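Enquirer: Structure file entry.cif (mmCIF, C-alpha atoms) right here:
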data_coords
loop_
_atom_site.label_atom_id
_atom_site.label_comp_id
_atom_site.auth_asym_id
_atom_site.auth_seq_id
_atom_site.Cartn_x
_atom_site.Cartn_y
_atom_site.Cartn_z
CA VAL A 1 0.00 0.00 0.00
CA SER A 2 3.05 2.19 0.07
CA THR A 3 6.50 2.56 -1.46
CA PHE A 4 9.61 3.78 0.30
CA ASN A 5 12.77 4.83 -1.57
CA THR A 6 16.11 5.64 -0.03
CA SER A 7 19.67 6.08 -1.42
CA ILE A 8 23.31 6.34 -0.32
CA THR A 9 26.29 7.91 -2.10
CA ILE A 10 29.29 5.54 -2.41
CA LYS A 11 32.77 6.70 -3.60
CA VAL A 12 34.51 3.89 -5.42
CA HIS A 13 38.25 3.94 -5.95
CA LYS A 14 39.92 1.90 -8.68
CA PRO A 15 42.37 -0.58 -7.14
CA VAL A 16 46.01 0.65 -7.43
CA LEU A 17 49.29 -1.26 -7.22
CA LYS A 18 52.10 0.21 -5.16
CA LEU A 19 55.16 1.39 -7.13
CA GLU A 20 58.16 -0.89 -6.76
CA GLY A 21 61.68 -1.12 -8.20
CA ALA A 22 62.07 2.23 -10.00
CA SER A 23 65.24 2.72 -12.07
CA ILE A 24 66.65 5.06 -14.70
CA PRO A 25 69.54 3.86 -16.90
CA SER A 26 72.66 5.97 -17.21
CA LEU A 27 72.46 8.29 -20.15
CA VAL A 28 75.02 9.46 -22.72
CA ALA A 29 73.87 11.92 -25.36
CA LYS A 30 75.13 14.43 -27.92
CA LEU A 31 74.83 18.12 -27.35
CA ASN A 32 71.57 19.61 -28.75
CA GLN A 33 70.21 16.16 -29.51
CA SER A 34 66.68 15.19 -28.53
CA VAL A 35 67.19 12.21 -26.25
CA ASP A 36 64.73 9.73 -24.75
CA ILE A 37 64.95 9.34 -20.94
CA PRO A 38 63.01 6.32 -19.61
CA ILE A 39 62.08 5.23 -16.12
CA PHE A 40 61.23 1.59 -15.37
CA PHE A 41 59.17 -0.03 -12.55
CA LEU A 42 59.09 -3.63 -11.54
CA ARG A 43 55.44 -3.18 -10.60
CA GLY A 44 52.89 -0.40 -10.26
CA SER A 45 49.87 1.31 -11.77
CA ASP A 46 48.08 4.62 -12.10
CA PHE A 47 51.06 6.87 -11.44
CA HIS A 48 52.35 10.22 -12.62
CA CYS A 49 55.94 11.56 -12.63
CA HIS A 50 57.67 14.87 -12.25
CA TRP A 51 61.01 15.13 -14.13
CA GLU A 52 63.89 17.48 -13.28
CA PHE A 53 66.77 17.38 -15.78
CA GLY A 54 69.43 19.27 -13.84
CA ASP A 55 69.64 22.09 -16.36
CA GLY A 56 66.76 24.11 -14.92
CA GLN A 57 64.13 22.39 -17.04
CA GLU A 58 61.35 20.10 -15.76
CA ILE A 59 58.25 18.33 -16.98
CA LYS A 60 55.25 16.42 -15.59
CA LYS A 61 53.68 13.39 -17.20
CA ASN A 62 50.94 10.84 -16.42
CA ALA A 63 50.97 7.18 -17.36
CA THR A 64 49.71 6.96 -20.92
CA GLU A 65 47.77 3.72 -20.35
CA GLU A 66 44.78 3.29 -18.07
CA LEU A 67 45.97 0.40 -15.94
CA VAL A 68 43.16 -1.29 -14.02
CA TYR A 69 43.89 -3.87 -11.34
CA LEU A 70 40.97 -6.19 -10.54
CA LYS A 71 41.56 -7.72 -7.15
CA ASP A 72 38.86 -10.34 -7.40
CA LEU A 73 40.56 -12.11 -10.30
CA ASN A 74 42.99 -14.83 -9.42
CA ASP A 75 45.21 -13.91 -12.36
CA SER A 76 48.83 -12.98 -11.97
CA HIS A 77 49.95 -9.38 -11.97
CA GLU A 78 51.87 -9.58 -15.27
CA SER A 79 49.87 -6.75 -16.80
CA PHE A 80 51.20 -4.47 -14.06
CA THR A 81 54.87 -5.53 -14.08
CA ASN A 82 57.85 -4.05 -15.99
CA ILE A 83 56.03 -0.79 -16.43
CA SER A 84 57.88 2.15 -18.02
CA MET A 85 57.43 5.78 -18.94
CA SER A 86 59.74 8.08 -20.91
CA VAL A 87 60.11 11.70 -21.92
CA ARG A 88 62.31 13.47 -24.47
CA HIS A 89 64.64 16.32 -23.64
CA VAL A 90 67.34 18.43 -25.33
CA PHE A 91 70.44 19.37 -23.34
CA LYS A 92 71.93 22.58 -24.70
CA LYS A 93 75.22 22.61 -22.77
CA VAL A 94 78.00 20.09 -22.33
CA GLY A 95 78.27 18.58 -18.89
CA VAL A 96 77.13 15.92 -16.46
CA TYR A 97 73.58 16.41 -15.21
CA GLN A 98 71.68 14.74 -12.37
CA VAL A 99 68.22 13.71 -13.54
CA ILE A 100 65.66 13.41 -10.72
CA VAL A 101 62.30 11.72 -11.30
CA ASN A 102 59.56 11.89 -8.62
CA CYS A 103 56.79 9.36 -9.31
CA GLN A 104 53.73 8.63 -7.17
CA ASN A 105 50.25 7.15 -7.00
CA ARG A 106 47.74 6.95 -4.13
CA LEU A 107 49.68 4.21 -2.40
CA SER A 108 53.32 5.11 -2.90
CA LYS A 109 55.94 7.69 -3.85
CA MET A 110 59.40 7.04 -5.30
CA ILE A 111 62.29 9.38 -6.11
CA THR A 112 64.87 8.03 -8.56
CA THR A 113 68.07 9.69 -9.83
CA ALA A 114 70.53 9.07 -12.65
CA HIS A 115 73.32 10.95 -14.41
CA ALA A 116 73.24 12.20 -17.98
CA VAL A 117 76.60 12.78 -19.69
CA ILE A 118 76.31 15.30 -22.51
CA GLN A 119 79.26 15.60 -24.93
CA MET A 120 80.04 17.29 -28.20
CA GLU A 121 80.78 14.97 -31.11
CA VAL A 122 84.38 14.88 -32.40
CA GLN A 123 84.75 16.88 -35.62
CA PHE A 124 87.56 17.34 -38.20
CA PHE A 125 89.99 14.78 -36.79
CA GLN A 126 93.42 15.19 -38.43
CA VAL A 127 96.85 13.60 -38.02
CA SER A 128 100.07 15.29 -39.11
CA HIS A 129 102.09 13.64 -41.88
CA VAL A 130 105.34 12.10 -40.66
CA SER A 131 108.21 12.58 -43.12
CA PRO A 132 110.87 9.87 -43.56
CA VAL A 133 112.94 9.45 -40.40
CA ARG A 134 116.67 8.85 -39.97
CA PHE A 135 117.27 5.66 -38.05
CA GLY A 136 118.18 6.55 -34.46
CA ASP A 137 116.12 9.75 -34.35
CA THR A 138 113.03 10.35 -32.22
CA PHE A 139 110.02 11.67 -34.11
CA THR A 140 106.66 13.07 -33.06
CA VAL A 141 103.11 12.19 -34.09
CA ASN A 142 100.57 15.02 -33.69
CA CYS A 143 96.78 14.85 -33.95
CA THR A 144 94.14 17.56 -33.70
CA ILE A 145 90.40 18.11 -33.75
CA GLU A 146 88.37 21.26 -34.32
CA ALA A 147 85.53 20.35 -31.98
CA GLY A 148 84.66 17.73 -29.40
CA THR A 149 84.68 17.24 -25.64
CA ASN A 150 86.37 14.69 -23.40
CA VAL A 151 88.24 13.27 -26.40
CA SER A 152 90.63 10.36 -25.90
CA PHE A 153 93.55 10.10 -28.35
CA LYS A 154 95.63 6.94 -28.76
CA VAL A 155 98.74 6.26 -30.86
CA TYR A 156 99.98 2.82 -31.94
CA VAL A 157 103.24 1.86 -33.66
CA ASN A 158 102.93 -1.60 -35.20
CA HIS A 159 100.02 -2.31 -32.79
CA GLN A 160 102.03 -1.21 -29.74
CA GLU A 161 100.25 1.54 -27.81
CA LEU A 162 102.36 4.57 -26.88
CA ASP A 163 102.18 7.11 -24.09
CA ILE A 164 100.45 10.24 -25.36
CA GLU A 165 99.95 13.78 -24.13
CA ASN A 166 96.19 14.39 -24.24
CA GLN A 167 94.88 17.96 -24.32
CA ASP A 168 91.47 19.35 -25.25
CA PHE A 169 91.92 19.55 -29.01
CA PHE A 170 95.43 18.15 -29.35
CA GLY A 171 97.35 14.90 -28.82
CA MET A 172 101.09 14.24 -29.19
CA ALA A 173 103.26 11.12 -28.89
CA HIS A 174 107.05 10.77 -29.15
CA VAL A 175 108.34 7.69 -30.97
CA LYS A 176 111.82 6.67 -29.81
CA PRO A 177 114.28 4.23 -31.43
CA SER A 178 113.59 1.79 -28.60
CA ILE A 179 110.03 1.56 -29.94
CA TYR A 180 110.55 1.13 -33.69
CA LYS A 181 113.89 -0.75 -33.17
CA GLN A 182 114.82 -1.21 -36.84
CA ALA A 183 114.78 0.51 -40.21
CA GLY A 184 111.93 -0.14 -42.59
CA LYS A 185 108.27 0.73 -43.04
CA HIS A 186 106.23 1.06 -39.87
CA ASN A 187 102.46 1.49 -39.45
CA ILE A 188 101.42 4.43 -37.30
CA THR A 189 97.75 4.38 -36.23
CA VAL A 190 96.09 7.24 -34.35
CA THR A 191 92.55 7.06 -32.93
CA ALA A 192 90.18 9.58 -31.40
CA THR A 193 86.87 8.99 -29.66
CA ASN A 194 84.53 10.05 -26.88
CA LEU A 195 81.26 8.64 -25.52
CA VAL A 196 79.14 10.02 -28.37
CA THR A 197 81.53 9.53 -31.32
CA PRO A 198 82.33 6.24 -33.08
CA LEU A 199 86.04 5.42 -33.10
CA LEU A 200 87.90 7.61 -35.60
CA SER A 201 91.13 6.09 -36.95
CA HIS A 202 93.97 7.28 -39.16
CA THR A 203 96.84 5.04 -40.34
CA GLN A 204 99.96 6.02 -42.24
CA VAL A 205 103.20 4.29 -43.13
CA VAL A 206 106.34 5.93 -41.77
CA ILE A 207 109.64 5.18 -43.50
CA ILE A 208 112.67 4.86 -41.23
CA GLU A 209 116.02 4.53 -42.99
CA VAL A 210 119.71 4.25 -42.21
CA PRO A 211 121.56 7.23 -43.77
CA VAL A 212 123.93 6.58 -46.63
CA ALA A 213 127.60 6.57 -45.68
CA GLU A 214 130.59 7.04 -48.01
CA VAL A 215 130.51 5.65 -51.54
CA HIS A 216 133.57 4.45 -53.49
CA ILE A 217 133.87 3.40 -57.15
CA ASP A 218 136.14 0.55 -58.28
CA MET A 219 136.97 0.15 -61.99
CA LYS A 220 138.25 -2.65 -64.22
CA TYR A 221 137.90 -3.86 -67.79
CA PHE A 222 137.17 -7.23 -69.28
CA GLU A 223 139.17 -8.67 -72.15
CA GLY A 224 139.98 -12.19 -73.27
CA GLY A 225 137.94 -13.77 -70.50
CA LYS A 226 139.83 -11.93 -67.76
CA PHE A 227 139.46 -8.78 -65.68
CA TYR A 228 142.22 -6.17 -65.67
CA ALA A 229 142.77 -3.03 -63.64
CA GLY A 230 143.00 0.28 -65.44
CA HIS A 231 146.34 1.60 -66.64
CA GLY A 232 148.35 4.57 -65.49
CA GLU A 233 149.27 5.81 -62.06
CA GLY A 234 145.64 6.25 -61.08
CA MET A 235 144.60 3.01 -62.80
CA ASN A 236 141.95 5.04 -64.63
CA ILE A 237 143.04 4.66 -68.26
CA PHE A 238 141.09 2.15 -70.35
CA PRO A 239 141.29 0.95 -73.95
CA GLU A 240 138.69 1.97 -76.50
CA GLY A 241 135.99 -0.58 -77.42
CA ILE A 242 136.50 -2.81 -74.38
CA PRO A 243 133.80 -3.34 -71.67
CA VAL A 244 134.60 -1.32 -68.54
CA ILE A 245 132.94 -2.35 -65.27
CA PHE A 246 132.19 0.13 -62.50
CA ASP A 247 131.42 -1.15 -58.99
CA ALA A 248 130.15 1.11 -56.22
CA ASN A 249 130.83 0.21 -52.59
CA VAL A 250 128.55 1.74 -49.97
CA ASP A 251 129.62 1.55 -46.33
CA LYS A 252 126.05 1.55 -44.97
CA GLY A 253 122.50 2.63 -45.74
CA SER A 254 119.04 1.11 -46.18
CA SER A 255 116.50 1.03 -49.03
CA LEU A 256 119.07 2.51 -51.39
CA GLU A 257 118.51 3.75 -54.92
CA TYR A 258 121.34 4.23 -57.39
CA ARG A 259 121.77 6.66 -60.26
CA TRP A 260 124.81 6.33 -62.46
CA SER A 261 125.82 8.96 -64.99
CA ILE A 262 128.56 9.01 -67.61
CA SER A 263 129.38 12.47 -68.92
CA LYS A 264 128.98 13.11 -72.66
CA THR A 265 127.28 9.75 -73.15
CA THR A 266 124.44 7.69 -71.79
CA THR A 267 122.86 8.26 -68.38
CA TYR A 268 121.96 5.10 -66.50
CA ILE A 269 119.24 4.92 -63.88
CA GLU A 270 119.48 1.76 -61.82
CA GLN A 271 117.21 1.03 -58.84
CA SER A 272 118.80 -2.11 -57.46
CA THR A 273 122.34 -2.57 -58.67
CA LEU A 274 125.69 -1.25 -57.61
CA THR A 275 127.41 -2.31 -60.84
CA ILE A 276 127.22 -1.11 -64.43
CA GLN A 277 129.16 -2.00 -67.57
CA HIS A 278 129.87 0.33 -70.47
CA ILE A 279 131.85 0.21 -73.72
CA PHE A 280 133.48 3.49 -74.74
CA HIS A 281 133.76 3.82 -78.53
CA THR A 282 135.32 7.28 -78.60
CA PRO A 283 138.66 8.26 -77.05
CA GLY A 284 138.56 11.10 -74.52
CA THR A 285 138.11 11.88 -70.87
CA TYR A 286 134.92 10.96 -69.07
CA LYS A 287 133.42 11.75 -65.70
CA ILE A 288 131.70 8.80 -64.03
CA SER A 289 129.45 9.51 -61.06
CA ILE A 290 127.02 7.61 -58.87
CA ARG A 291 124.41 9.14 -56.61
CA VAL A 292 123.25 6.79 -53.85
CA SER A 293 120.18 7.93 -51.96
CA ASN A 294 117.24 7.00 -49.81
CA HIS A 295 114.48 9.12 -48.30
CA VAL A 296 116.70 10.66 -45.62
CA SER A 297 120.16 11.11 -47.20
CA GLU A 298 122.34 10.84 -50.27
CA ALA A 299 126.01 10.45 -51.14
CA VAL A 300 127.86 11.08 -54.41
CA SER A 301 131.11 9.63 -55.71
CA VAL A 302 132.87 10.82 -58.89
CA VAL A 303 135.85 9.47 -60.83
CA ASP A 304 137.57 10.69 -64.00
CA ILE A 305 138.77 8.19 -66.57
CA ALA A 306 140.58 8.39 -69.88
CA VAL A 307 139.70 6.22 -72.86
CA GLN A 308 142.50 5.79 -75.38
CA LYS A 309 142.87 4.22 -78.78
CA ARG A 310 145.53 1.54 -78.79
CA ALA A 311 148.57 1.92 -81.07
CA LYS A 312 149.05 -0.95 -83.50
CA PHE A 313 152.03 -1.78 -85.73
CA LEU A 314 151.34 -3.15 -89.17
CA HIS A 315 154.19 -5.65 -88.68
CA SER A 316 155.70 -7.13 -85.59
CA TYR A 317 159.22 -6.42 -86.86
CA LEU A 318 161.31 -3.39 -87.87
CA GLU A 319 162.67 -2.82 -91.34
CA CYS A 320 166.12 -1.41 -92.00
CA SER A 321 168.54 -0.82 -94.89
CA SER A 322 171.30 -3.09 -93.78
CA PRO A 323 173.92 -4.41 -93.94
CA LYS A 324 175.99 -1.23 -94.19
CA ALA A 325 179.67 -0.47 -93.84
CA ARG A 326 180.87 1.49 -90.88
CA ASN A 327 180.11 5.21 -91.09
CA GLU A 328 177.38 4.60 -93.65
CA SER A 329 173.81 5.67 -92.98
CA VAL A 330 171.37 2.96 -91.91
CA THR A 331 167.65 3.60 -92.29
CA ILE A 332 165.32 1.88 -89.83
CA TRP A 333 161.53 2.28 -90.06
CA ALA A 334 158.31 0.91 -88.66
CA THR A 335 154.83 1.03 -90.16
CA LEU A 336 151.96 1.95 -87.80
CA GLN A 337 148.51 0.65 -88.72
CA VAL A 338 146.92 2.66 -85.87
CA LEU A 339 148.81 5.49 -84.27
CA GLY A 340 146.78 5.41 -81.03
CA THR A 341 145.84 8.11 -78.54
CA ASN A 342 148.63 10.16 -76.95
CA SER A 343 151.12 7.64 -78.31
CA THR A 344 154.78 7.86 -77.50
CA LEU A 345 157.24 6.84 -80.18
CA LEU A 346 160.33 5.41 -78.53
CA VAL A 347 163.29 4.89 -80.82
CA GLU A 348 166.37 3.24 -79.38
CA LEU A 349 169.54 2.85 -81.35
CA GLY A 350 172.60 2.13 -79.28
CA ASN A 351 172.63 4.88 -76.70
CA ILE A 352 170.25 7.16 -78.65
CA THR A 353 166.68 7.43 -77.26
CA ARG A 354 163.94 9.76 -78.50
CA TYR A 355 160.32 10.38 -77.25
CA TRP A 356 157.49 12.04 -79.13
CA TYR A 357 154.06 12.64 -77.54
CA GLY A 358 150.65 13.45 -78.87
CA GLU A 359 148.48 12.26 -81.70
CA ALA A 360 148.31 15.60 -83.51
CA ASP A 361 152.05 15.87 -84.15
CA ALA A 362 152.73 12.17 -84.47
CA ILE A 363 153.16 12.14 -88.28
CA ASP A 364 155.61 15.05 -88.22
CA ASN A 365 157.43 13.45 -85.32
CA LEU A 366 157.86 10.24 -87.31
CA ASN A 367 159.42 12.13 -90.21
CA THR A 368 161.71 14.01 -87.86
CA ALA A 369 162.65 10.80 -86.16
CA ALA A 370 163.75 9.26 -89.42
CA ASN A 371 166.05 12.19 -90.11
CA LYS A 372 167.58 12.13 -86.66
CA ILE A 373 168.16 8.43 -86.79
CA ASN A 374 169.93 8.84 -90.06
CA THR A 375 172.42 11.11 -88.35
#
Will you turn the file into structure tokens for me?
Expert:
Amino acid sequence: VSTFNTSITIKVHKPVLKLEGASIPSLVAKLNQSVDIPIFFLRGSDFHCHWEFGDGQEIKKNATEELVYLKDLNDSHESFTNISMSVRHVFKKVGVYQVIVNCQNRLSKMITTAHAVIQMEVQFFQVSHVSPVRFGDTFTVNCTIEAGTNVSFKVYVNHQELDIENQDFFGMAHVKPSIYKQAGKHNITVTATNLVTPLLSHTQVVIIEVPVAEVHIDMKYFEGGKFYAGHGEGMNIFPEGIPVIFDANVDKGSSLEYRWSISKTTTYIEQSTLTIQHIFHTPGTYKISIRVSNHVSEAVSVVDIAVQKRAKFLHSYLECSSPKARNESVTIWATLQVLGTNSTLLVELGNITRYWYGEADAIDNLNTAANKINT
């Protein structure tokens, strides 16, 4: 016969999981680069975070997903584990910043910190060229950059790391003989890197050589299957048309190159031999030189030689108008097929001896000699 209505207001809260196990990984980023900064939770739901980046900037953010925890279900809590949130930020100065993240929900509050290392990328990495080095000398390897922070330079010689002076934009290493130990080609590798730059590497080959010492030239000629020294006091006179051999002796030196030259005739360029052979077809004086060099030194040796045409008699005997009575004139003559270069005509008759020199006057000298002999 009657109806009675009543009501009550009930406030219902969604079940929330307490935040547990918050962590922020360490961060390395480039200057002026937008970087993602995450925070991870082992478990939790329905939270919001306040971010402070250490550079005066901050931001607030809620969980992007609506996470609902239903207590009455006997399911596991997997949907509410390994929860994460992230924000993006740009650091505009180089440095190390402490990032502080304050996260909370109705049941819990957590403050987590981490460090962000902000560096400038290495730019325009260069290594100085190392010129050829004299064996026994210490040389320096220099490297530079135009930009970059907290840069680490390293120098290797044949894979052996050296001590290096590291400065902001400059690195320098001294390479001593005790490091390279011997002459030859050595690989020099220089690297530069920091936390935000992939390894930069530069390799060059450095030539280390023993300087050339004194050079001497020995000479001989080859005839009839045998070797003979040159003629004359200096043993530097050789017959025309016969092979002459020149040997160079070098006291010391490494990776040597040889350049022979013969004045007024052919120039020889030899890369690997100390010996040349040449046939001179024209009488005269010649200057023979050899230049021995490597990348760090050179030495020159020069000798002068004379090439002469051999004198040749037509017959191996003398002719004379004999027999003659005492006090009668006796004519003695010889026939020359080839007069020769700078020939000396020696006429001996009893105690009479005559010398005539020089090719130009030889014919006149022969005529004069006949007259004198007749007397």
Enquirer: For A:His115, which residue out of A:Leu31, A:Pro177, A:His216, A:Val96 is the nearest one, using all atoms listed in the file?
Expert: A:Val96
Enquirer: Contacts between stretch 237-257 of chain A and stretch 102-172 of chain A, please, where a residue of stretch 102-172 of chain A counts if it comes within 12 Å (with all atoms listed in the file); show its shortest atom pair and distance in Å to one decimal, rows by chain and ascending number, as a Markdown table.
Expert:
| residue | atom | partner | partner_atom | distance |
| --- | --- | --- | --- | --- |
| A:Pro132 | CA | A:Ser255 | CA | 11.8 |
| A:Val133 | CA | A:Ser254 | CA | 11.8 |
| A:Arg134 | CA | A:Ser254 | CA | 10.2 |
| A:Phe135 | CA | A:Ser254 | CA | 9.5 |
Enquirer: Compare A:Val338, A:Val303, A:His278, A:Leu200 by their minimum atom-to-atom distance to A:Ile290, counting only C-alpha atoms, and give me the closest one.
Expert: A:Val303
Enquirer: Between A:Lys92, A:Arg310, A:Lys18, A:His186, which residue has the minimum interatomic distance to A:Leu107, considering all atoms listed in the file?
Expert: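 Of the candidates, the smallest distance to A:Leu107 is held by A:Lys18.
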Enquirer: A:Ala147, A:Ile37, A:Val94, A:Ile111: which is nearest A:Glu20, counting all atoms listed in the file?
Expert: A:Ile111
Enquirer: Can you turn the PyMOL selection byres ((chain A and resi 332) around 7) into a concrete residue list for this file, as an NGL selection string?
Expert: :A and (318-321 or 330-331 or 333)
Enquirer: Could you spell out the hits of the PyMOL selection byres ((chain A and resi 199) around 12) on the shown file, as a CSV table (one decimal) with C-alpha atoms, in the frame of the given file?
Expert:
chain,number,residue,atom,x,y,z
A,121,GLU,CA,80.8,15.0,-31.1
A,122,VAL,CA,84.4,14.9,-32.4
A,123,GLN,CA,84.8,16.9,-35.6
A,125,PHE,CA,90.0,14.8,-36.8
A,151,VAL,CA,88.2,13.3,-26.4
A,152,SER,CA,90.6,10.4,-25.9
A,153,PHE,CA,93.6,10.1,-28.4
A,154,LYS,CA,95.6,6.9,-28.8
A,190,VAL,CA,96.1,7.2,-34.4
A,191,THR,CA,92.6,7.1,-32.9
A,192,ALA,CA,90.2,9.6,-31.4
A,193,THR,CA,86.9,9.0,-29.7
A,194,ASN,CA,84.5,10.0,-26.9
A,195,LEU,CA,81.3,8.6,-25.5
A,196,VAL,CA,79.1,10.0,-28.4
A,197,THR,CA,81.5,9.5,-31.3
A,198,PRO,CA,82.3,6.2,-33.1
A,200,LEU,CA,87.9,7.6,-35.6
A,201,SER,CA,91.1,6.1,-37.0
A,202,HIS,CA,94.0,7.3,-39.2
Enquirer: Calculated over only C-alpha atoms, which of the candidates A:Lys30, A:Lys185, A:Lys312, A:His231 has the smallest distance to A:Gly95?
Expert: A:Lys30
Enquirer: What separation in Å, quoted to one decimal, exists between atom CA of A:Pro38 and atom CA of A:Phe91?
Expert: 15.5 Å
Enquirer: List as a compact mmCIF listing (two decimals) with C-alpha atoms, keeping the file's coordinate frame the protein and nucleic acid residues near A:Val155, meaning an atom at most 10 Å away when all atoms listed in the file are counted, but skip any in the same chain fewer than 6 places from it.
Expert:
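Generated file (selection23.txt):
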# COMPACT_ATOMS: atom_id res chain seq x y z
CA VAL A 141 103.11 12.19 -34.09
CA ASN A 142 100.57 15.02 -33.69
CA CYS A 143 96.78 14.85 -33.95
CA GLU A 161 100.25 1.54 -27.81
CA LEU A 162 102.36 4.57 -26.88
CA ASP A 163 102.18 7.11 -24.09
CA ILE A 164 100.45 10.24 -25.36
CA GLY A 171 97.35 14.90 -28.82
CA MET A 172 101.09 14.24 -29.19
CA ALA A 173 103.26 11.12 -28.89
CA HIS A 174 107.05 10.77 -29.15
CA VAL A 175 108.34 7.69 -30.97
CA ILE A 188 101.42 4.43 -37.30
CA THR A 189 97.75 4.38 -36.23
CA VAL A 190 96.09 7.24 -34.35
CA THR A 191 92.55 7.06 -32.93
CA ALA A 192 90.18 9.58 -31.40
CA SER A 201 91.13 6.09 -36.95
CA HIS A 202 93.97 7.28 -39.16
CA THR A 203 96.84 5.04 -40.34
Enquirer: Atom CA of A:Met85 and atom CA of A:Phe47, how far apart in Å?
Expert: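 So the two atoms, atom CA of A:Phe47 and atom CA of A:Met85, lie 9.9 Å apart.
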Enquirer: Evaluate the PyMOL selection byres ((chain A and resi 26) around 10) against this structure - the residues, as a PyMOL selection string, please.
Expert: chain A and resi 23-25+27-28+37-38+99+113-117
Enquirer: Which is closer to A:Glu298 than all the others in A:Ile279, A:Val212, A:Ala334, A:Leu274, using only C-alpha atoms?
Expert: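 The closest residue to A:Glu298 is A:Val212.
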Enquirer: Any idea what the distance is between atom CA of A:Ile217 and atom CA of A:Tyr286?
Expert: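 Atom CA of A:Tyr286 lies at a distance of 14.2 Å from atom CA of A:Ile217.
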Enquirer: I'd like the box whose edges run along x, y and z of the file and which contains every listed atom of stretch 156-172 of chain A, padded by 6 Å per side; could you state its centre and edge lengths in Å, one decimal, as lines of an AutoDock Vina configuration file?
Expert:
center_x = 97.4
center_y = 8.6
center_z = -29.6
size_x = 23.8
size_y = 33.9
size_z = 23.1
Enquirer: May I have a table of the residues of stretch 265-322 of chain A lying at most 12 Å from stretch 218-229 of chain A, giving each one's closest pair of atoms and their distance in Å to one decimal, counting all atoms listed in the file, ordered by chain and ascending residue number, as CSV?
Expert:
residue,atom,partner,partner_atom,distance
A:Leu274,CA,A:Asp218,CA,10.6
A:Thr275,CA,A:Asp218,CA,9.5
A:Ile276,CA,A:Met219,CA,10.1
A:Gln277,CA,A:Tyr221,CA,8.9
A:His278,CA,A:Tyr221,CA,9.4
A:Ile279,CA,A:Tyr221,CA,9.4
A:Phe280,CA,A:Tyr221,CA,11.0
A:Ile288,CA,A:Met219,CA,10.3
A:Ser289,CA,A:Asp218,CA,11.5
A:Ile290,CA,A:Asp218,CA,11.5
A:Ser301,CA,A:Asp218,CA,10.7
A:Val302,CA,A:Asp218,CA,10.8
A:Val303,CA,A:Asp218,CA,9.3
A:Asp304,CA,A:Met219,CA,10.7
A:Ile305,CA,A:Met219,CA,9.4
A:Ala306,CA,A:Met219,CA,12.0
A:Val307,CA,A:Tyr221,CA,11.4
